[in-house]
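Novice: One file is attached below, final-v9.csv, containing CSV, C-alpha atoms and all ligand atoms.
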```csv
chain,number,residue,atom,x,y,z
A,6,MET,CA,9.4,48.9,-8.2
A,7,ILE,CA,8.5,45.3,-7.6
A,8,ASP,CA,7.9,44.3,-4.0
A,9,LEU,CA,9.6,41.0,-3.3
A,10,ILE,CA,7.4,38.9,-1.0
A,11,LEU,CA,9.2,35.9,0.4
A,12,THR,CA,6.7,33.3,1.3
A,13,VAL,CA,7.8,31.0,4.2
A,14,ASN,CA,5.9,27.7,4.0
A,15,GLN,CA,5.6,25.4,6.9
A,16,VAL,CA,6.2,21.9,5.6
A,17,VAL,CA,5.3,19.0,8.0
A,18,ALA,CA,6.5,15.5,7.4
A,19,ILE,CA,5.2,12.4,9.3
A,20,LEU,CA,7.7,9.6,8.7
A,21,TYR,CA,8.8,6.4,10.5
A,22,LYS,CA,11.8,6.4,12.8
A,23,GLY,CA,14.8,4.6,11.5
A,24,PHE,CA,16.9,4.6,14.7
A,25,GLN,CA,20.4,3.1,14.4
A,26,ALA,CA,19.6,1.6,10.9
A,27,ALA,CA,18.9,5.1,9.5
A,28,VAL,CA,22.2,6.4,10.9
A,29,GLN,CA,24.1,3.4,9.4
A,30,GLU,CA,22.2,3.4,6.1
A,31,PRO,CA,21.7,6.9,4.7
A,32,ARG,CA,19.7,5.4,1.8
A,33,LEU,CA,16.8,4.9,4.3
A,34,LEU,CA,15.4,8.2,3.1
A,35,GLY,CA,11.9,7.6,4.3
A,36,THR,CA,12.9,7.9,7.9
A,37,THR,CA,12.6,10.9,10.3
A,38,GLU,CA,16.4,10.9,10.5
A,39,ASN,CA,17.0,11.2,6.8
A,40,SER,CA,13.8,13.2,6.1
A,41,LEU,CA,13.5,12.2,2.4
A,42,GLY,CA,16.8,14.1,1.8
A,43,LEU,CA,14.7,17.4,1.9
A,44,LYS,CA,16.0,19.1,5.0
A,45,ALA,CA,19.0,21.1,3.7
A,46,TRP,CA,17.1,22.0,0.5
A,47,LEU,CA,14.0,23.2,2.3
A,48,ASN,CA,16.0,25.2,4.9
A,49,SER,CA,18.1,26.8,2.1
A,50,LEU,CA,14.8,28.0,0.6
A,51,GLY,CA,13.8,29.5,4.0
A,52,HIS,CA,10.9,27.1,4.6
A,53,GLU,CA,10.2,25.7,8.1
A,54,PHE,CA,10.4,21.9,8.0
A,55,VAL,CA,9.0,19.9,10.9
A,56,VAL,CA,9.6,16.2,10.9
A,57,SER,CA,8.2,13.7,13.4
A,58,ASP,CA,7.0,10.1,13.8
A,59,ASP,CA,4.6,11.2,16.6
A,60,LYS,CA,1.2,10.9,15.0
A,61,GLU,CA,-1.5,9.6,17.4
A,62,GLY,CA,-3.7,11.6,19.7
A,63,SER,CA,-4.4,15.3,20.2
A,64,ASN,CA,-1.0,16.0,21.8
A,65,SER,CA,1.0,14.4,19.0
A,66,ASP,CA,3.4,16.5,16.9
A,67,PHE,CA,1.2,15.7,13.9
A,68,GLN,CA,-2.0,17.2,15.4
A,69,LYS,CA,-0.1,20.1,16.9
A,70,HIS,CA,1.6,21.2,13.7
A,71,ILE,CA,-1.2,20.4,11.3
A,72,THR,CA,-2.9,23.7,12.3
A,73,ASP,CA,-0.1,25.8,10.7
A,74,ALA,CA,1.1,23.5,7.9
A,75,GLN,CA,0.8,24.6,4.3
A,76,VAL,CA,2.3,21.3,3.1
A,77,LEU,CA,1.9,17.9,4.7
A,78,ILE,CA,4.1,15.0,3.6
A,79,THR,CA,3.1,11.5,4.8
A,80,THR,CA,3.9,8.0,3.9
A,81,PRO,CA,1.7,4.9,3.8
A,82,PHE,CA,4.3,3.0,5.8
A,83,HIS,CA,3.6,5.0,9.0
A,84,PRO,CA,0.4,6.8,8.1
A,85,GLY,CA,-0.5,10.1,9.6
A,86,TYR,CA,-4.3,9.7,9.5
A,87,LEU,CA,-5.7,13.0,8.2
A,88,THR,CA,-9.3,12.9,9.2
A,89,ARG,CA,-12.1,15.3,8.3
A,90,ASP,CA,-11.8,16.8,11.9
A,91,LEU,CA,-8.2,17.5,11.3
A,92,PHE,CA,-9.0,19.1,7.9
A,93,GLU,CA,-11.3,21.5,9.8
A,94,ARG,CA,-8.3,22.6,11.9
A,95,ALA,CA,-5.7,22.7,9.1
A,96,LYS,CA,-6.7,26.2,8.0
A,97,ASN,CA,-3.4,26.8,6.0
A,98,LEU,CA,-3.1,23.4,4.4
A,99,GLU,CA,-2.9,23.5,0.6
A,100,LEU,CA,-1.0,20.4,-0.4
A,101,CYS,CA,-0.7,16.8,0.9
A,102,VAL,CA,2.1,14.7,-0.6
A,103,THR,CA,2.2,11.0,-0.2
A,104,ALA,CA,5.8,9.8,-0.3
A,105,GLY,CA,4.9,6.6,-2.0
A,106,VAL,CA,1.6,5.3,-3.5
A,107,GLY,CA,-1.8,5.0,-1.7
A,108,SER,CA,-3.4,8.0,0.0
A,109,ASP,CA,-6.3,6.4,1.8
A,110,HIS,CA,-4.9,7.6,5.1
A,111,ILE,CA,-6.1,11.0,4.0
A,112,ASP,CA,-9.8,11.6,4.0
A,113,LEU,CA,-9.9,12.3,0.3
A,114,ASN,CA,-13.6,13.4,0.3
A,115,ALA,CA,-12.7,16.0,3.0
A,116,ALA,CA,-9.7,17.1,0.9
A,117,VAL,CA,-12.1,17.7,-2.0
A,118,ASP,CA,-14.4,19.7,0.3
A,119,HIS,CA,-11.5,21.8,1.7
A,120,LYS,CA,-9.9,22.3,-1.7
A,121,VAL,CA,-6.6,20.7,-0.6
A,122,GLN,CA,-4.6,19.0,-3.3
A,123,VAL,CA,-3.5,15.4,-2.7
A,124,LEU,CA,-0.6,14.1,-4.7
A,125,GLU,CA,1.2,10.7,-4.8
A,126,VAL,CA,4.5,9.7,-6.4
A,127,SER,CA,2.7,7.4,-8.8
A,128,GLY,CA,4.6,4.4,-10.0
A,129,SER,CA,7.5,5.0,-7.6
A,130,ASN,CA,7.2,1.6,-5.9
A,131,VAL,CA,4.9,-0.5,-8.1
A,132,THR,CA,7.6,-2.9,-9.2
A,133,SER,CA,8.8,-3.3,-5.6
A,134,VAL,CA,5.3,-4.3,-4.6
A,135,ALA,CA,4.7,-6.6,-7.7
A,136,GLU,CA,7.9,-8.5,-6.8
A,137,HIS,CA,6.7,-8.9,-3.3
A,138,VAL,CA,3.4,-10.2,-4.5
A,139,VAL,CA,5.0,-12.9,-6.6
A,140,MET,CA,7.3,-13.8,-3.8
A,141,SER,CA,4.3,-14.1,-1.4
A,142,ILE,CA,2.3,-16.2,-3.8
A,143,LEU,CA,5.2,-18.6,-4.1
A,144,LEU,CA,6.0,-18.8,-0.4
A,145,LEU,CA,2.4,-19.7,0.3
A,146,VAL,CA,1.9,-22.1,-2.5
A,147,ARG,CA,5.2,-23.9,-1.8
A,148,ASN,CA,4.7,-23.8,2.0
A,149,PHE,CA,8.0,-22.1,2.5
A,150,VAL,CA,7.7,-20.4,5.9
A,151,PRO,CA,7.0,-23.6,7.9
A,152,ALA,CA,9.8,-25.4,6.0
A,153,HIS,CA,12.3,-22.7,7.0
A,154,GLU,CA,11.1,-22.6,10.6
A,155,MET,CA,11.5,-26.4,10.8
A,156,ILE,CA,15.2,-26.1,9.7
A,157,GLU,CA,15.9,-23.4,12.3
A,158,ARG,CA,14.3,-25.6,15.0
A,159,GLY,CA,16.8,-28.4,14.0
A,160,ASP,CA,14.1,-30.7,12.7
A,161,TRP,CA,13.8,-32.6,9.4
A,162,ALA,CA,10.4,-34.0,8.4
A,163,VAL,CA,10.0,-33.6,4.6
A,164,SER,CA,6.5,-35.0,4.5
A,165,ASP,CA,5.2,-32.5,7.1
A,166,ILE,CA,6.0,-29.8,4.6
A,167,ALA,CA,5.3,-31.6,1.4
A,168,ARG,CA,1.8,-32.5,2.4
A,169,ASN,CA,0.8,-28.9,1.9
A,170,ALA,CA,3.2,-27.8,-0.8
A,171,PHE,CA,2.1,-27.3,-4.5
A,172,ASP,CA,3.4,-25.9,-7.8
A,173,LEU,CA,2.2,-22.6,-9.1
A,174,GLU,CA,2.2,-24.1,-12.6
A,175,GLY,CA,-1.4,-25.1,-13.5
A,176,LYS,CA,-3.1,-22.9,-11.0
A,177,VAL,CA,-5.6,-20.1,-11.7
A,178,VAL,CA,-4.3,-16.7,-10.3
A,179,GLY,CA,-6.5,-13.6,-10.3
A,180,THR,CA,-5.9,-10.0,-9.3
A,181,ILE,CA,-8.5,-7.6,-7.8
A,182,GLY,CA,-7.3,-4.4,-9.5
A,183,ALA,CA,-5.2,-4.5,-12.7
A,184,GLY,CA,-3.6,-1.1,-12.5
A,185,ARG,CA,0.2,-0.4,-12.3
A,186,ILE,CA,0.8,-3.1,-9.6
A,187,GLY,CA,-1.8,-5.6,-10.7
A,188,TYR,CA,-0.7,-5.6,-14.3
A,189,ARG,CA,3.0,-6.0,-13.3
A,190,VAL,CA,2.0,-9.0,-11.2
A,191,LEU,CA,0.3,-10.5,-14.2
A,192,GLN,CA,3.4,-9.8,-16.4
A,193,ARG,CA,5.7,-11.5,-13.9
A,194,LEU,CA,3.4,-14.5,-13.5
A,195,LYS,CA,3.2,-15.2,-17.2
A,196,PRO,CA,6.3,-17.4,-17.4
A,197,PHE,CA,5.0,-19.6,-14.6
A,198,ASP,CA,2.6,-21.3,-16.9
A,199,CYS,CA,-0.5,-20.8,-14.7
A,200,LYS,CA,-3.7,-22.5,-15.9
A,201,GLU,CA,-5.2,-19.0,-16.3
A,202,LEU,CA,-4.6,-15.4,-15.3
A,203,LEU,CA,-7.7,-13.5,-14.4
A,204,TYR,CA,-8.5,-9.9,-13.4
A,205,PHE,CA,-11.4,-8.1,-11.8
A,206,ASP,CA,-11.4,-4.3,-12.3
A,207,TYR,CA,-14.0,-1.8,-13.3
A,208,ALA,CA,-11.6,-0.5,-15.9
A,209,ALA,CA,-10.9,-3.1,-18.6
A,210,LEU,CA,-7.2,-3.4,-19.7
A,211,PRO,CA,-6.5,-2.0,-23.1
A,212,GLU,CA,-6.9,-4.9,-25.5
A,213,ALA,CA,-3.2,-5.2,-26.4
A,214,ALA,CA,-2.2,-5.1,-22.7
A,215,GLY,CA,-4.7,-7.9,-21.8
A,216,LYS,CA,-3.5,-10.0,-24.7
A,217,ALA,CA,0.2,-9.5,-23.9
A,218,VAL,CA,-0.3,-11.2,-20.5
A,219,GLY,CA,-3.0,-13.5,-21.6
A,220,ALA,CA,-5.4,-12.3,-18.9
A,221,ARG,CA,-9.2,-12.8,-18.9
A,222,ARG,CA,-11.4,-10.2,-17.3
A,223,VAL,CA,-14.2,-11.5,-15.0
A,224,GLU,CA,-16.9,-8.9,-14.2
A,225,ASP,CA,-18.6,-10.4,-11.2
A,226,LEU,CA,-16.5,-10.5,-8.1
A,227,LYS,CA,-18.0,-13.7,-6.6
A,228,ASP,CA,-17.7,-15.5,-9.9
A,229,PHE,CA,-14.1,-14.2,-10.2
A,230,VAL,CA,-13.0,-15.5,-6.7
A,231,SER,CA,-14.7,-18.8,-7.2
A,232,GLN,CA,-12.5,-19.5,-10.2
A,233,CYS,CA,-9.2,-18.6,-8.5
A,234,ASP,CA,-6.7,-20.8,-6.7
A,235,VAL,CA,-4.8,-17.6,-5.7
A,236,VAL,CA,-6.3,-14.2,-5.3
A,237,THR,CA,-4.1,-11.1,-5.1
A,238,VAL,CA,-5.5,-7.7,-4.0
A,239,ASN,CA,-4.0,-4.7,-5.9
A,240,CYS,CA,-6.7,-2.0,-5.7
A,241,PRO,CA,-6.7,1.2,-3.6
A,242,LEU,CA,-8.7,1.4,-0.4
A,243,HIS,CA,-11.8,3.6,-0.8
A,244,GLU,CA,-15.5,3.4,0.1
A,245,GLY,CA,-16.0,0.7,-2.5
A,246,THR,CA,-13.2,-1.6,-1.3
A,247,ARG,CA,-13.2,-1.3,2.5
A,248,GLY,CA,-14.1,-4.7,3.8
A,249,LEU,CA,-14.5,-6.0,0.2
A,250,VAL,CA,-13.0,-9.4,1.1
A,251,ASN,CA,-15.4,-10.2,4.0
A,252,LYS,CA,-17.0,-13.3,5.4
A,253,GLU,CA,-19.6,-13.5,2.6
A,254,LEU,CA,-17.1,-13.1,-0.2
A,255,LEU,CA,-14.7,-15.6,1.4
A,256,GLN,CA,-17.5,-18.2,1.2
A,257,SER,CA,-17.3,-17.9,-2.6
A,258,PHE,CA,-13.5,-18.6,-2.6
A,259,LYS,CA,-12.4,-22.1,-3.6
A,260,PRO,CA,-11.8,-24.2,-0.5
A,261,GLY,CA,-8.0,-24.2,0.1
A,262,ALA,CA,-7.4,-21.0,-1.9
A,263,TRP,CA,-4.5,-18.6,-1.1
A,264,LEU,CA,-5.0,-14.9,-0.6
A,265,VAL,CA,-2.3,-12.2,-0.9
A,266,ASN,CA,-3.0,-8.6,0.0
A,267,THR,CA,-0.3,-6.0,-0.3
A,268,ALA,CA,-2.8,-3.3,-1.2
A,269,ARG,CA,-4.4,-2.2,2.2
A,270,GLY,CA,-5.2,-4.2,5.3
A,271,ALA,CA,-8.7,-2.8,5.6
A,272,ILE,CA,-9.7,-4.2,2.2
A,273,CYS,CA,-9.8,-7.6,3.9
A,274,ASP,CA,-11.9,-8.2,7.1
A,275,LYS,CA,-9.5,-9.0,9.8
A,276,ASP,CA,-11.6,-11.5,11.7
A,277,ALA,CA,-13.1,-13.2,8.7
A,278,VAL,CA,-9.6,-13.8,7.2
A,279,ALA,CA,-8.3,-15.2,10.5
A,280,GLU,CA,-11.3,-17.5,10.9
A,281,ALA,CA,-11.1,-18.7,7.2
A,282,LEU,CA,-7.4,-19.5,7.7
A,283,LYS,CA,-8.0,-21.2,11.0
A,284,ASN,CA,-10.7,-23.5,9.6
A,285,GLY,CA,-8.7,-24.2,6.5
A,286,HIS,CA,-11.1,-22.6,4.0
A,287,LEU,CA,-8.1,-20.4,3.2
A,288,ARG,CA,-4.9,-22.4,2.9
A,289,GLY,CA,-2.8,-19.3,3.3
A,290,TYR,CA,-2.8,-15.5,3.7
A,291,ALA,CA,0.2,-13.2,3.1
A,292,GLY,CA,0.9,-9.5,2.8
A,293,ASP,CA,2.4,-6.5,4.4
A,294,VAL,CA,-0.5,-4.2,5.1
A,295,TRP,CA,-2.6,-4.0,8.2
A,296,ASN,CA,-5.9,-2.3,9.1
A,297,VAL,CA,-4.0,-0.2,11.7
A,298,GLN,CA,-0.3,0.6,11.4
A,299,PRO,CA,1.8,-0.1,13.4
A,300,ALA,CA,-0.2,-3.3,14.0
A,301,PRO,CA,-0.9,-3.9,17.7
A,302,ARG,CA,1.2,-6.7,19.2
A,303,ASP,CA,-1.9,-8.9,19.6
A,304,HIS,CA,-3.2,-8.4,16.0
A,305,ALA,CA,-4.7,-11.8,14.9
A,306,TRP,CA,-2.8,-11.7,11.6
A,307,ARG,CA,0.6,-11.8,13.3
A,308,THR,CA,0.1,-15.4,14.5
A,309,MET,CA,-2.9,-16.9,12.7
A,310,LYS,CA,-2.2,-20.3,11.1
A,311,ASN,CA,-4.0,-22.9,9.0
A,312,PRO,CA,-4.9,-26.3,10.6
A,313,LEU,CA,-1.5,-27.7,9.6
A,314,GLY,CA,0.3,-24.9,11.4
A,315,GLY,CA,1.4,-22.8,8.4
A,316,GLY,CA,-0.1,-20.5,5.8
A,317,ASN,CA,1.0,-17.2,7.3
A,318,GLY,CA,3.2,-14.9,5.2
A,319,MET,CA,2.6,-11.6,7.0
A,320,VAL,CA,5.4,-9.1,7.4
A,321,PRO,CA,5.5,-5.4,8.4
A,322,HIS,CA,4.6,-2.8,5.7
A,323,TYR,CA,7.8,-2.8,3.7
A,324,SER,CA,7.1,-4.1,0.2
A,325,GLY,CA,7.0,-0.6,-1.3
A,326,THR,CA,9.8,0.8,0.8
A,327,THR,CA,12.9,-1.0,-0.5
A,328,LEU,CA,16.0,1.2,-0.8
A,329,ASP,CA,15.4,1.4,-4.5
A,330,ALA,CA,11.8,2.5,-4.0
A,331,GLN,CA,12.9,5.1,-1.3
A,332,ALA,CA,15.2,6.7,-3.8
A,333,ARG,CA,12.4,7.0,-6.3
A,334,TYR,CA,9.7,8.3,-3.9
A,335,ALA,CA,12.1,10.8,-2.2
A,336,ALA,CA,13.0,12.2,-5.7
A,337,GLY,CA,9.3,12.3,-6.7
A,338,THR,CA,8.4,14.1,-3.5
A,339,ARG,CA,11.0,16.8,-4.1
A,340,SER,CA,9.8,17.2,-7.7
A,341,ILE,CA,6.2,17.7,-6.5
A,342,LEU,CA,7.4,20.3,-4.0
A,343,GLU,CA,9.5,22.1,-6.7
A,344,ASN,CA,6.4,22.4,-8.9
A,345,TYR,CA,4.3,23.6,-6.0
A,346,PHE,CA,6.8,26.3,-4.9
A,347,ALA,CA,7.3,27.4,-8.5
A,348,GLY,CA,3.5,27.5,-9.3
A,349,GLN,CA,4.2,25.0,-12.1
A,350,PRO,CA,1.6,22.3,-13.1
A,351,GLN,CA,2.1,18.9,-11.5
A,352,GLU,CA,2.5,15.6,-13.4
A,353,PRO,CA,-1.1,14.6,-14.2
A,354,GLN,CA,-0.5,10.9,-13.1
A,355,ASN,CA,0.5,12.1,-9.6
A,356,ILE,CA,-2.7,14.1,-8.9
A,357,ILE,CA,-5.3,12.2,-6.8
A,358,VAL,CA,-7.2,15.3,-5.7
A,359,GLY,CA,-6.6,18.5,-7.6
A,360,VAL,CA,-7.9,22.0,-7.1
A,361,LYS,CA,-11.2,21.0,-8.8
A,362,GLY,CA,-11.7,17.6,-7.1
A,363,TYR,CA,-10.8,14.0,-7.9
A,364,GLU,CA,-8.5,13.7,-10.9
A,365,THR,CA,-8.2,9.9,-10.8
A,366,LYS,CA,-10.7,7.1,-11.2
A,367,ALA,CA,-8.6,4.7,-9.2
A,368,TYR,CA,-10.2,5.7,-5.8
A,369,GLY,CA,-13.8,4.8,-6.9
A,370,GLN,CA,-15.9,5.2,-9.9
A,371,ARG,CA,-16.9,8.8,-9.7
B,401,LIG,P1,-3.4,2.1,-9.8
B,401,LIG,O1,-4.2,3.3,-9.6
B,401,LIG,O2,-2.4,2.1,-10.9
B,401,LIG,O3,-4.3,0.9,-10.0
B,401,LIG,C1,-5.4,0.6,-9.2
B,401,LIG,C2,-6.4,-0.2,-9.9
B,401,LIG,O4,-7.4,-0.6,-9.0
B,401,LIG,C3,-7.1,0.6,-11.0
B,401,LIG,O5,-7.0,-0.1,-12.3
B,401,LIG,C4,-8.5,0.7,-10.5
B,401,LIG,O6,-9.5,0.8,-11.6
B,401,LIG,C5,-8.6,-0.5,-9.7
B,401,LIG,N1,-9.8,-0.5,-8.8
B,401,LIG,C6,-10.2,0.5,-8.0
B,401,LIG,N2,-11.3,0.2,-7.3
B,401,LIG,C7,-11.5,-1.1,-7.6
B,401,LIG,C8,-12.5,-2.0,-7.2
B,401,LIG,N3,-13.5,-1.7,-6.4
B,401,LIG,N4,-12.5,-3.3,-7.7
B,401,LIG,C9,-11.5,-3.6,-8.6
B,401,LIG,N5,-10.6,-2.8,-9.1
B,401,LIG,C10,-10.6,-1.5,-8.5
B,401,LIG,O7,-2.6,1.9,-8.4
B,401,LIG,P2,-1.3,1.0,-8.1
B,401,LIG,O8,-0.1,1.8,-8.3
B,401,LIG,O9,-1.5,-0.3,-8.8
B,401,LIG,O10,-1.5,0.7,-6.5
B,401,LIG,C11,-2.6,0.1,-6.0
B,401,LIG,C12,-2.6,0.1,-4.5
B,401,LIG,O11,-1.6,-0.7,-4.0
B,401,LIG,C13,-2.4,1.5,-3.9
B,401,LIG,O12,-3.5,2.3,-3.9
B,401,LIG,C14,-1.9,1.2,-2.5
B,401,LIG,O13,-3.1,1.0,-1.7
B,401,LIG,C15,-1.3,-0.2,-2.7
B,401,LIG,N6,0.2,-0.1,-2.6
B,401,LIG,C16,0.8,-0.8,-1.6
B,401,LIG,C17,2.2,-0.6,-1.4
B,401,LIG,C18,2.9,-1.4,-0.3
B,401,LIG,O14,4.0,-1.1,0.1
B,401,LIG,N7,2.3,-2.5,0.2
B,401,LIG,C19,3.0,0.3,-2.2
B,401,LIG,C20,2.3,0.9,-3.3
B,401,LIG,C21,0.9,0.7,-3.4
```
Output the file's structure as structure tokens, nothing else.
Specialist:
Amino acid sequence: MIDLILTVNQVVAILYKGFQAAVQEPRLLGTTENSLGLKAWLNSLGHEFVVSDDKEGSNSDFQKHITDAQVLITTPFHPGYLTRDLFERAKNLELCVTAGVGSDHIDLNAAVDHKVQVLEVSGSNVTSVAEHVVMSILLLVRNFVPAHEMIERGDWAVSDIARNAFDLEGKVVGTIGAGRIGYRVLQRLKPFDCKELLYFDYAALPEAAGKAVGARRVEDLKDFVSQCDVVTVNCPLHEGTRGLVNKELLQSFKPGAWLVNTARGAICDKDAVAEALKNGHLRGYAGDVWNVQPAPRDHAWRTMKNPLGGGNGMVPHYSGTTLDAQARYAAGTRSILENYFAGQPQEPQNIIVGVKGYETKAYGQR
């Protein structure tokens, strides 16, 4: 006789609240209200499913439930920060799933030490972000935000805008990181007839891929930024990239360069960027990622400006959470869970940390 043992897993999800918007728009799947579309399915399998947005401090739902959770689902948009201390307490934890791309809010080295797997839905929102990058580059270079604000104010002073507006054609644009997003940015920029497209990455693009976009690799970071009119950051946050764009590196940027960062806020030094924008060394800074999320109300990046009163293209973290992206990362999260419950192998491209340690080179050269 075969004994049937029904395993009940506790699945904990930390998501952002969607409020009225999530009720009106069921495609906002990444919200606590719509719970990645997983609730009925997980309950039908008999699993316990705890969903909350409450993630900070020892009394938070996140910290209370992590002690029992077998599976943790988080999202980079409202990151539940899983520190080494919390790993110590998460005795039952076997799997962390990032609904989206970017798992730096999990202490990955601690995950390796505790033999907890970390998976992402790789590729799920890379086009969404690449489009946002191209938009951000254009809105900075063309001085769009102050132009629109002027119109809303009821003013009309063309030269106040035009004095700081340029064409992207003929400029040098470079990406730090030429993976899924960085490469898509290069592909999308090709028709703009930039003077040159550059990339800085410890992994060289395959020859044919590099040729297809006409991108040149520069191996020294200072040398790379000194050649760029526009720098876009598209690498993961890890020990080797935290604070990478700091005061010292900014000094090697061309005076009046534009910087776009949709990768992670902590890759750029908050104060050094604000200062470089204020003194005009940077003409503009745009992105959707912040060193702490949600960003405090007084975060310098909310209101920083260049000497002409523009150059700020900051928005909340949403480039990778369009409705199209949410459908993809919700489906990808379910498929990871299905594999896990069935004891099936996971898609290799989704595995950041596997049972034997790191399975990707994207989070540092290991
Ligand atoms: P990917 O893994 O396809 O590419 C990352 C690339 O960065 C790799 O080619 C890797 O070699 C390179 N890299 C790593 N460390 C580097 C370093 N020190 N210097 C230069 N290059 C380095 O990742 P993908 O899909 O392109 O995503 C990149 C990052 O974008 C994610 O890790 C995440 O932080 C961020 N992201 C942001 C989103 C948003 O909504 N704002 C959504 C999705 C991703």
Novice: Just the residues within 7 Å of Gly285 of chain A, please, counting all atoms listed in the file, with nothing from its chain fewer than 5 positions along; format it as a ChimeraX atom specification.
Specialist: /A:261,311-312
Novice: For the point (-18.1, -15.5, -0.9) in file coordinates, what residues are within 10 Å, counting all atoms listed in the file? Give the answer as a VMD selection string?
Specialist: chain A and resid 226 to 228 230 to 231 250 to 259
Novice: Taking all atoms listed in the file into account, report as an MDAnalysis selection string which residues have an atom no farther than 7 Å from an atom of ligand LIG 401 (chain B).
Specialist: chainID A and resid 105:108 127:128 130:131 134 181:187 205:208 239:242 245:246 267:269 293:294 322:326 366:369
Novice: Would you mind reading off the distance between atom CA of Leu191 of chain A and atom CA of Phe82 of chain A, one decimal, in Å?
Specialist: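 Spanning atom CA of Leu191 of chain A to atom CA of Phe82 of chain A is a straight-line distance of 24.5 Å.
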Novice: May I ask which of the residues A:Ala335, A:Leu203, A:Val139, A:Cys233 is the closest one to Pro260 of chain A, counting all atoms listed in the file?
Specialist: A:Cys233
Novice: Of the candidates A:Gln192, A:Asn14, A:Gln232, A:Ser340, which one gets nearest to Leu50 of chain A if we count all atoms listed in the file?
Specialist: A:Asn14
Novice: Restricting the calculation to only C-alpha atoms: of A:Val177, A:Leu91, A:Ile78, A:Met140, which residue gets closest to Val126 of chain A?
Specialist: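 The answer is A:Ile78, which sits nearest to Val126 of chain A.
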Novice: Show which residues sit within 10 Å of Arg32 of chain A, as an MDAnalysis selection string. Count all atoms listed in the file, and ignore same-chain residues fewer than 6 positions away.
Specialist: chainID A and resid 26 39 41:42 327:329 331:332
Novice: Take the selection from the previous step and output its residues with C-alpha atoms, as an mmCIF file, in the coordinates of the input.
Specialist:
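That gives us selection38.cif:
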```cif
data_model
loop_
_atom_site.group_PDB
_atom_site.id
_atom_site.type_symbol
_atom_site.label_atom_id
_atom_site.label_comp_id
_atom_site.auth_asym_id
_atom_site.auth_seq_id
_atom_site.Cartn_x
_atom_site.Cartn_y
_atom_site.Cartn_z
ATOM 1 C CA ALA A 26 19.600 1.600 10.900
ATOM 2 C CA ASN A 39 17.000 11.200 6.800
ATOM 3 C CA LEU A 41 13.500 12.200 2.400
ATOM 4 C CA GLY A 42 16.800 14.100 1.800
ATOM 5 C CA THR A 327 12.900 -1.000 -0.500
ATOM 6 C CA LEU A 328 16.000 1.200 -0.800
ATOM 7 C CA ASP A 329 15.400 1.400 -4.500
ATOM 8 C CA GLN A 331 12.900 5.100 -1.300
ATOM 9 C CA ALA A 332 15.200 6.700 -3.800
#
```
Novice: By how many Å are atom CA of Tyr21 of chain A and atom CA of Gly35 of chain A apart?
Specialist: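 Interatomic distance, atom CA of Tyr21 of chain A to atom CA of Gly35 of chain A: 7.0 Å.
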Novice: Of the candidates A:Asn148, A:Gln349, A:Thr103, A:Thr88, which shows the shortest atom-to-atom distance to Lys310 of chain A, using all atoms listed in the file?
Specialist: A:Asn148
Novice: Pick from A:Tyr290, A:Phe24, A:Phe92, A:Trp161: nearest to Val146 of chain A, with only C-alpha atoms counted?
Specialist: A:Tyr290
Novice: Would you kindly return, as a list in words, each protein, DNA or RNA residue with an atom no farther than 8 Å from any atom of Tyr204 of chain A, considering only C-alpha atoms and excluding same-chain residues fewer than 4 positions away?
Specialist: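 My reading of the contact set: Gly179, Thr180, Ile181, Gly182, Ala183, Ala220, Arg221, Arg222, Val223 and Phe229 of chain A.
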Novice: Using Å and a single decimal, report how far atom CA of Val360 of chain A sits from atom CA of Glu343 of chain A.
Specialist: 17.4 Å
Novice: Find, counting all atoms listed in the file, the residue in A:Val178, A:Ala104, A:Ala305, A:Ala217 that gets nearest to Leu202 of chain A.
Specialist: A:Val178
Novice: N, CA, C and O atoms for segment 130-135 of chain A, written as a short mmCIF file (atom, residue, chain, number, x, y, z; two decimals), in the frame of the given file, could you do that?
Specialist:
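New file rebuild_4.cif:
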```cif
data_model
loop_
_atom_site.label_atom_id
_atom_site.label_comp_id
_atom_site.auth_asym_id
_atom_site.auth_seq_id
_atom_site.Cartn_x
_atom_site.Cartn_y
_atom_site.Cartn_z
N ASN A 130 6.86 2.88 -6.51
CA ASN A 130 7.20 1.60 -5.90
C ASN A 130 6.42 0.42 -6.39
O ASN A 130 6.32 -0.61 -5.73
N VAL A 131 5.85 0.56 -7.58
CA VAL A 131 4.90 -0.50 -8.10
C VAL A 131 5.66 -1.77 -8.43
O VAL A 131 5.13 -2.87 -8.21
N THR A 132 6.88 -1.65 -8.94
CA THR A 132 7.60 -2.90 -9.20
C THR A 132 8.06 -3.54 -7.93
O THR A 132 8.01 -4.78 -7.80
N SER A 133 8.43 -2.72 -6.94
CA SER A 133 8.80 -3.30 -5.60
C SER A 133 7.67 -4.13 -5.07
O SER A 133 7.88 -5.22 -4.54
N VAL A 134 6.44 -3.62 -5.17
CA VAL A 134 5.30 -4.30 -4.60
C VAL A 134 4.99 -5.58 -5.48
O VAL A 134 4.75 -6.67 -4.95
N ALA A 135 5.03 -5.43 -6.79
CA ALA A 135 4.70 -6.60 -7.70
C ALA A 135 5.69 -7.74 -7.40
O ALA A 135 5.27 -8.90 -7.34
#
```
